[in-house]
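Trainee: Right, I'll just put the structure down here and ask away after.
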Amino acid sequence: MERAPQIEVRGVAMGYGEFVVQSDLNFSVGKGDVFIIMGGNGCGKTTLMRALIGLQRPAAGTVRYDGEDFWGATEEGRERMKRRLGIMFQGGALWSSLTLAENVALPLAEYTDFPPARIAEIVSFKLALVGLAGFEDFYPSELSGGMKKRAGLARAMALDPDILIIDEPSSGLDPLTARRLDDLILELRDSLGTTIIVISHDLSSILAIGSDSIYLDADTRTMIATGNPREALRTGDPRVRHFLTRGSQ
Amino acid sequence: MTLAHEAAAGEAGRKLELRRPAEDSLEVVLSGRWCLDGTLPARDAVERELGAGVRRLTFAAGALGEWDSGLLTFLAGVLKACAARGVAVEQGGLPEGVRHLLAMASAVPEQKVPQRDAAAQSLPARVGKATLELVRGAPAMLRFLGEITLSFMRFFSGRAHFRMSDLWLEVEQVGPRALPIVSVISFLVGLILAYLGADQLKLVGAQIFIADLVAIGMVREVGALMTGIIIAGRTGAAFAAQLGTMQVNEEIDAFRTLGISPVDFLVLPRMLALMLMVPLLTLYAGFVGMFAGLVVSVTIFDISLFEYYNETLRALELKHFWVGLSKGTVYGAMVAFAGCLRGMQCGRSAEAVGEAATSAVVTGILLITIAASVMTIVYYQLDI
């Protein structure tokens, strides 16, 4: 598998006003990685995600996609780069006025010239992939939290993005559904070559799917590069081992 | 040396006893039932003793009966007092469960969070802060106005992305569904105008001019104003709450990351719906108001139906309708602007959604009143 860095983060700092959440973040994500951003509650995982997807400008530093500066680019350039991303938000963030099918279809209608029948086929397939076949005409409010989450993933995958960014995939899911979602993430990586960034604090999922990772430390307000989470569990930084073993080491 | 100290030993033999086995040590003897539902002894006695040259604290709980958080909070307080005075504590005498729970409560040290400045602030400081916030809010408002303008430009060049069905849904919500409340209020306002006019015009014996007053008043000014205010409370608040909830659910972020303008998709249809429907409601309110004037005049003030009808026709000119319609359109735009602005600015909590809704109504009514004054003056100057 090709391993050129696809996403490069250099010297990024994030904060709200004068409050610094994280600073001095340096990492790169290779193509086909399942890259885990882990850390405890409130350490700035989601804030980092917002900097990666263009929702919140970092206080300092650069984010590059295939060498192209994301925040330094023009609005149009950023839109173009954003189009390569698929994002699944924590609660699914499905548009509440649209049915599931319409939710997944909207990006397709927006960025492809496919006829409606073809879009409907793609939508049904994506929903089936996440285990929601038959729920096309349901509104988000009629679904459980886990189903919303999976539908959010279906929407994130709608345009077959190069990079899939997933915020807390397994929180709020039962172990079996979480496992199925993990399998799906790995399958997307293997068969479509999708690069995947997962923001998570779910240990079983981190250890099952991660190929590279960073740990955001809430105390020192910076990251620890941890590499493969399974190796980090054995030989990594003590703070990371402490986290990965639920504090027993 | 034994200092027997009993604090309300009545309840199931609960007892707090303080002993001084040595000059520099204190033994706390707990016995009986220590539960939250009874009155528990205060720590004062222990703290008094601690102040008297104690270096070491031990516990004896051999006769301790049932216990719950009542005992734990008492002990946590004692431990804190000891830590503050540098007194060494031996917990060996306490039951195992108590020791474990106390250890857990002190496992994560108290966080040194920066002081919240929500506490007492002087009046000048608060006024200053509020002023700064107001000033900082202005660019955001202008930016939003700019975004809406761009969105309208895209709409008129046919490039705006929104679903027609959303527009029709909003039109239905704003228009037909507001008819009952608009009917009731404009009928009553028409009635009030008629009475007001009757009272004043009686002085000059010209009660027939009730018709003029009601017709021109309702069609030009009051119909639009009342409709605007009803819609601000009914629809402006709803817009803010809808968009605010979408903000909380990250739905707006999802639009942004997909490169779809949330202004096109969410704000534009709402804006268009109000700008279409409020003038129509204004027209309707005018007619309902005139009907109320007619009912009052005919039944109470002995003006014949025919006279009233003729007088109304004589008074009304087409320009009055144009004035009313133009005001309705502007008020509709103001309400939609305020509702959508507050919704899009909403924070990420349930409380913020409530604040957004409140603020949308206040902003909406404020904008309507300002617009009403400006337009009335301008129309007067232009002699329309």
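Each chain in the structure tokens gets a letter, A, B, ..., in the order shown, and its residues are numbered from 1; ligands are numbered from 1 in order too.
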Please extract the residues of range 16-157 of chain B with a backbone DSSP assignment of strand (DSSP E) and present them as a PDB file with C-alpha atoms, in the first residue's frame.

Mentor:
```pdb
ATOM      1  CA  LEU B  16     -19.617  11.188  68.468  1.00  0.00           C
ATOM      2  CA  GLU B  17     -16.980  10.979  71.129  1.00  0.00           C
ATOM      3  CA  LEU B  18     -13.628  12.685  71.122  1.00  0.00           C
ATOM      4  CA  ARG B  19     -10.763  11.284  73.169  1.00  0.00           C
ATOM      5  CA  ARG B  20      -7.252  12.527  73.706  1.00  0.00           C
ATOM      6  CA  PRO B  21      -5.188   9.357  74.188  1.00  0.00           C
ATOM      7  CA  ALA B  22      -2.015  11.452  74.158  1.00  0.00           C
ATOM      8  CA  SER B  25      -3.370  13.020  69.258  1.00  0.00           C
ATOM      9  CA  LEU B  26      -7.115  12.858  68.945  1.00  0.00           C
ATOM     10  CA  GLU B  27      -9.324   9.825  68.647  1.00  0.00           C
ATOM     11  CA  VAL B  28     -12.735  10.159  67.045  1.00  0.00           C
ATOM     12  CA  VAL B  29     -15.081   7.474  68.307  1.00  0.00           C
ATOM     13  CA  LEU B  30     -18.135   6.836  66.157  1.00  0.00           C
ATOM     14  CA  SER B  31     -21.007   4.679  67.257  1.00  0.00           C
ATOM     15  CA  GLY B  32     -24.638   4.004  66.400  1.00  0.00           C
ATOM     16  CA  ARG B  33     -26.479   4.773  63.182  1.00  0.00           C
ATOM     17  CA  TRP B  34     -24.977   7.472  60.879  1.00  0.00           C
ATOM     18  CA  ARG B  56      -2.372  12.909  64.822  1.00  0.00           C
ATOM     19  CA  LEU B  57      -5.947  11.764  64.286  1.00  0.00           C
ATOM     20  CA  THR B  58      -7.261   8.238  64.645  1.00  0.00           C
ATOM     21  CA  PHE B  59     -10.674   6.689  64.423  1.00  0.00           C
ATOM     22  CA  ALA B  60     -12.489   4.050  66.412  1.00  0.00           C
ATOM     23  CA  ALA B  61     -15.656   2.694  64.862  1.00  0.00           C
ATOM     24  CA  GLY B  62     -16.161  -0.557  66.663  1.00  0.00           C
ATOM     25  CA  ALA B  63     -19.712   0.297  67.694  1.00  0.00           C
ATOM     26  CA  LEU B  64     -20.652   1.936  64.407  1.00  0.00           C
ATOM     27  CA  GLY B  65     -24.030   0.745  63.133  1.00  0.00           C
ATOM     28  CA  GLU B  66     -25.658   1.475  59.769  1.00  0.00           C
ATOM     29  CA  TRP B  67     -24.061   4.282  57.746  1.00  0.00           C
ATOM     30  CA  ALA B  88      -1.739  13.194  60.063  1.00  0.00           C
ATOM     31  CA  VAL B  89      -4.765  10.945  59.735  1.00  0.00           C
ATOM     32  CA  GLU B  90      -4.846   7.219  60.314  1.00  0.00           C
TER      33      GLU B  90
END
```

Trainee: List every residue of chain B that has an atom at most 10 Å from any atom of chain A, and for each one report the closest atom pair and its distance in Å to one decimal, counting only C-alpha atoms, with rows sorted by chain and then by increasing residue number, as JSON lines.

Mentor:
```
{"residue": "B:His161", "atom": "CA", "partner": "A:Glu110", "partner_atom": "CA", "distance": 8.4}
{"residue": "B:Asp166", "atom": "CA", "partner": "A:Ser97", "partner_atom": "CA", "distance": 8.5}
{"residue": "B:Gln242", "atom": "CA", "partner": "A:Ser96", "partner_atom": "CA", "distance": 9.6}
{"residue": "B:Thr245", "atom": "CA", "partner": "A:Ser96", "partner_atom": "CA", "distance": 9.6}
{"residue": "B:Met246", "atom": "CA", "partner": "A:Trp95", "partner_atom": "CA", "distance": 7.7}
{"residue": "B:Gln247", "atom": "CA", "partner": "A:Ala93", "partner_atom": "CA", "distance": 9.2}
{"residue": "B:Val248", "atom": "CA", "partner": "A:Ala93", "partner_atom": "CA", "distance": 9.0}
{"residue": "B:Asn249", "atom": "CA", "partner": "A:Ala93", "partner_atom": "CA", "distance": 5.4}
{"residue": "B:Glu250", "atom": "CA", "partner": "A:Ala93", "partner_atom": "CA", "distance": 5.1}
{"residue": "B:Glu251", "atom": "CA", "partner": "A:Ala93", "partner_atom": "CA", "distance": 4.7}
{"residue": "B:Ile252", "atom": "CA", "partner": "A:Ala93", "partner_atom": "CA", "distance": 8.3}
{"residue": "B:Asp253", "atom": "CA", "partner": "A:Leu55", "partner_atom": "CA", "distance": 7.1}
{"residue": "B:Ala254", "atom": "CA", "partner": "A:Ala93", "partner_atom": "CA", "distance": 6.6}
{"residue": "B:Phe255", "atom": "CA", "partner": "A:Trp95", "partner_atom": "CA", "distance": 8.7}
{"residue": "B:Arg256", "atom": "CA", "partner": "A:Leu55", "partner_atom": "CA", "distance": 7.6}
{"residue": "B:Thr257", "atom": "CA", "partner": "A:Lys82", "partner_atom": "CA", "distance": 6.5}
{"residue": "B:Leu258", "atom": "CA", "partner": "A:Arg83", "partner_atom": "CA", "distance": 6.6}
{"residue": "B:Gly259", "atom": "CA", "partner": "A:Glu79", "partner_atom": "CA", "distance": 6.0}
{"residue": "B:Ile260", "atom": "CA", "partner": "A:Glu110", "partner_atom": "CA", "distance": 8.1}
```

Trainee: From the set B:Gln207, B:Thr376, B:Ser151, B:Thr227, which residue has the shortest atom-to-atom contact distance to Gly289 in chain B, counting only C-alpha atoms?

Mentor: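 Closest to Gly289 in chain B, using only C-alpha atoms: B:Thr227.
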
Trainee: Find the spatial neighbours of Phe291 in chain B, counting only C-alpha atoms, within a cut-off of 9 Å - ignore same-chain residues fewer than 4 positions away - and output them as a list in words.

Mentor: Phe187, Gly190, Leu191, Gly286, Phe287, Val295 and Val296 of chain B

Trainee: Any idea what's packed within 9 Å of range 242-247 of chain A, counting only C-alpha atoms, ignoring anything in its chain fewer than 3 positions away? Could you give it as a list in words?

Mentor: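 Residues near the query, excluding close chain neighbours: Gly39, Gly40, Leu203, Ile206, Leu207, Pro229, Ala232, Leu233, Asp237, Pro238 and Arg239 of chain A.
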
Trainee: Neighbours of Pro5 in chain A within 8 Å (only C-alpha atoms; same-chain residues fewer than 6 positions away dropped), as an NGL selection string?

Mentor: :A and (28-31 or 66)

Trainee: Mind dumping the selected residues with N, CA and C atoms as an mmCIF file, in the first residue's frame?

Mentor:
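Result file is selection_39.cif:
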```
data_model
loop_
_atom_site.group_PDB
_atom_site.id
_atom_site.type_symbol
_atom_site.label_atom_id
_atom_site.label_comp_id
_atom_site.auth_asym_id
_atom_site.auth_seq_id
_atom_site.Cartn_x
_atom_site.Cartn_y
_atom_site.Cartn_z
ATOM 1 N N SER A 28 1.305 13.238 10.622
ATOM 2 C CA SER A 28 0.856 13.068 9.253
ATOM 3 C C SER A 28 0.129 11.740 9.132
ATOM 4 N N VAL A 29 -0.824 11.732 8.246
ATOM 5 C CA VAL A 29 -1.648 10.554 8.044
ATOM 6 C C VAL A 29 -1.365 10.034 6.646
ATOM 7 N N GLY A 30 -0.963 8.767 6.561
ATOM 8 C CA GLY A 30 -0.663 8.190 5.260
ATOM 9 C C GLY A 30 -1.909 7.679 4.576
ATOM 10 N N LYS A 31 -1.815 7.517 3.243
ATOM 11 C CA LYS A 31 -2.968 7.007 2.510
ATOM 12 C C LYS A 31 -3.274 5.586 2.969
ATOM 13 N N ASP A 66 -2.470 16.441 0.775
ATOM 14 C CA ASP A 66 -1.582 16.157 -0.358
ATOM 15 C C ASP A 66 -0.679 17.349 -0.653
#
```

Trainee: What does the distance between CA of Ser165 in chain B and CA of Phe144 in chain B come to in Å, to one decimal place?

Mentor: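 Separation between CA of Ser165 in chain B and CA of Phe144 in chain B: 24.2 Å.
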
Trainee: If you run DSSP on this backbone, which residues of range 202-318 of chain B come out as alpha helix (DSSP H), and could you give them as number ranges by chain?

Mentor: B: 202, 210-216, 223-231, 237-248, 251-257, 262, 268-299, 305-315, 318

Trainee: Nearest to Thr177 in chain A: which of A:Ile199, A:Val20, A:Leu52, A:Met147 is it, counting only C-alpha atoms?

Mentor: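 Of all the options, A:Met147 lies closest to Thr177 in chain A.
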
Trainee: Could you state the separation of CA of Leu274 in chain B and CA of Gly175 in chain B in Å, given to one decimal place?

Mentor: 8.2 Å

Trainee: Show me, as JSON lines, the residues of range 305-325 of chain B having an atom within 7 Å of range 215-219 of chain B, each with the closest atom pair and its distance in Å, using only C-alpha atoms.

Mentor:
```
{"residue": "B:Thr312", "atom": "CA", "partner": "B:Ala215", "partner_atom": "CA", "distance": 6.2}
{"residue": "B:Leu316", "atom": "CA", "partner": "B:Ile216", "partner_atom": "CA", "distance": 6.5}
{"residue": "B:His320", "atom": "CA", "partner": "B:Val219", "partner_atom": "CA", "distance": 6.4}
{"residue": "B:Phe321", "atom": "CA", "partner": "B:Val219", "partner_atom": "CA", "distance": 6.1}
{"residue": "B:Gly324", "atom": "CA", "partner": "B:Val219", "partner_atom": "CA", "distance": 5.6}
```

Trainee: Dump N, CA and C atoms for the selected residues as a tab-separated table (two decimals), in the first residue's frame?

Mentor:
```
chain	number	residue	atom	x	y	z
B	312	THR	N	-66.31	53.93	3.29
B	312	THR	CA	-65.06	53.17	3.20
B	312	THR	C	-64.50	53.23	1.79
B	316	LEU	N	-60.78	54.80	0.86
B	316	LEU	CA	-59.65	53.96	0.45
B	316	LEU	C	-59.17	54.29	-0.95
B	320	HIS	N	-53.09	53.28	-0.54
B	320	HIS	CA	-53.09	52.79	0.84
B	320	HIS	C	-52.75	51.30	0.88
B	321	PHE	N	-53.30	50.58	-0.10
B	321	PHE	CA	-53.00	49.15	-0.15
B	321	PHE	C	-51.52	48.91	-0.44
B	324	GLY	N	-49.58	49.47	2.72
B	324	GLY	CA	-49.73	48.33	3.64
B	324	GLY	C	-48.94	47.12	3.17
```

Trainee: What gap, in Å, lies between CA of Trp168 in chain B and CA of Pro269 in chain B?

Mentor: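 About the pair CA of Trp168 in chain B and CA of Pro269 in chain B: they are 8.4 Å apart.
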
Trainee: Neighbours of Met375 in chain B within 10 Å (only C-alpha atoms; same-chain residues fewer than 6 positions away dropped), as a PyMOL selection string?

Mentor: chain B and resi 323+326-327+330+369+381

Trainee: Which residues, written as a count of residues only, have at least one atom at most 9 Å from Ser183 in chain B, with only C-alpha atoms counted and residues fewer than 4 positions away on the same chain left out?

Mentor: 8
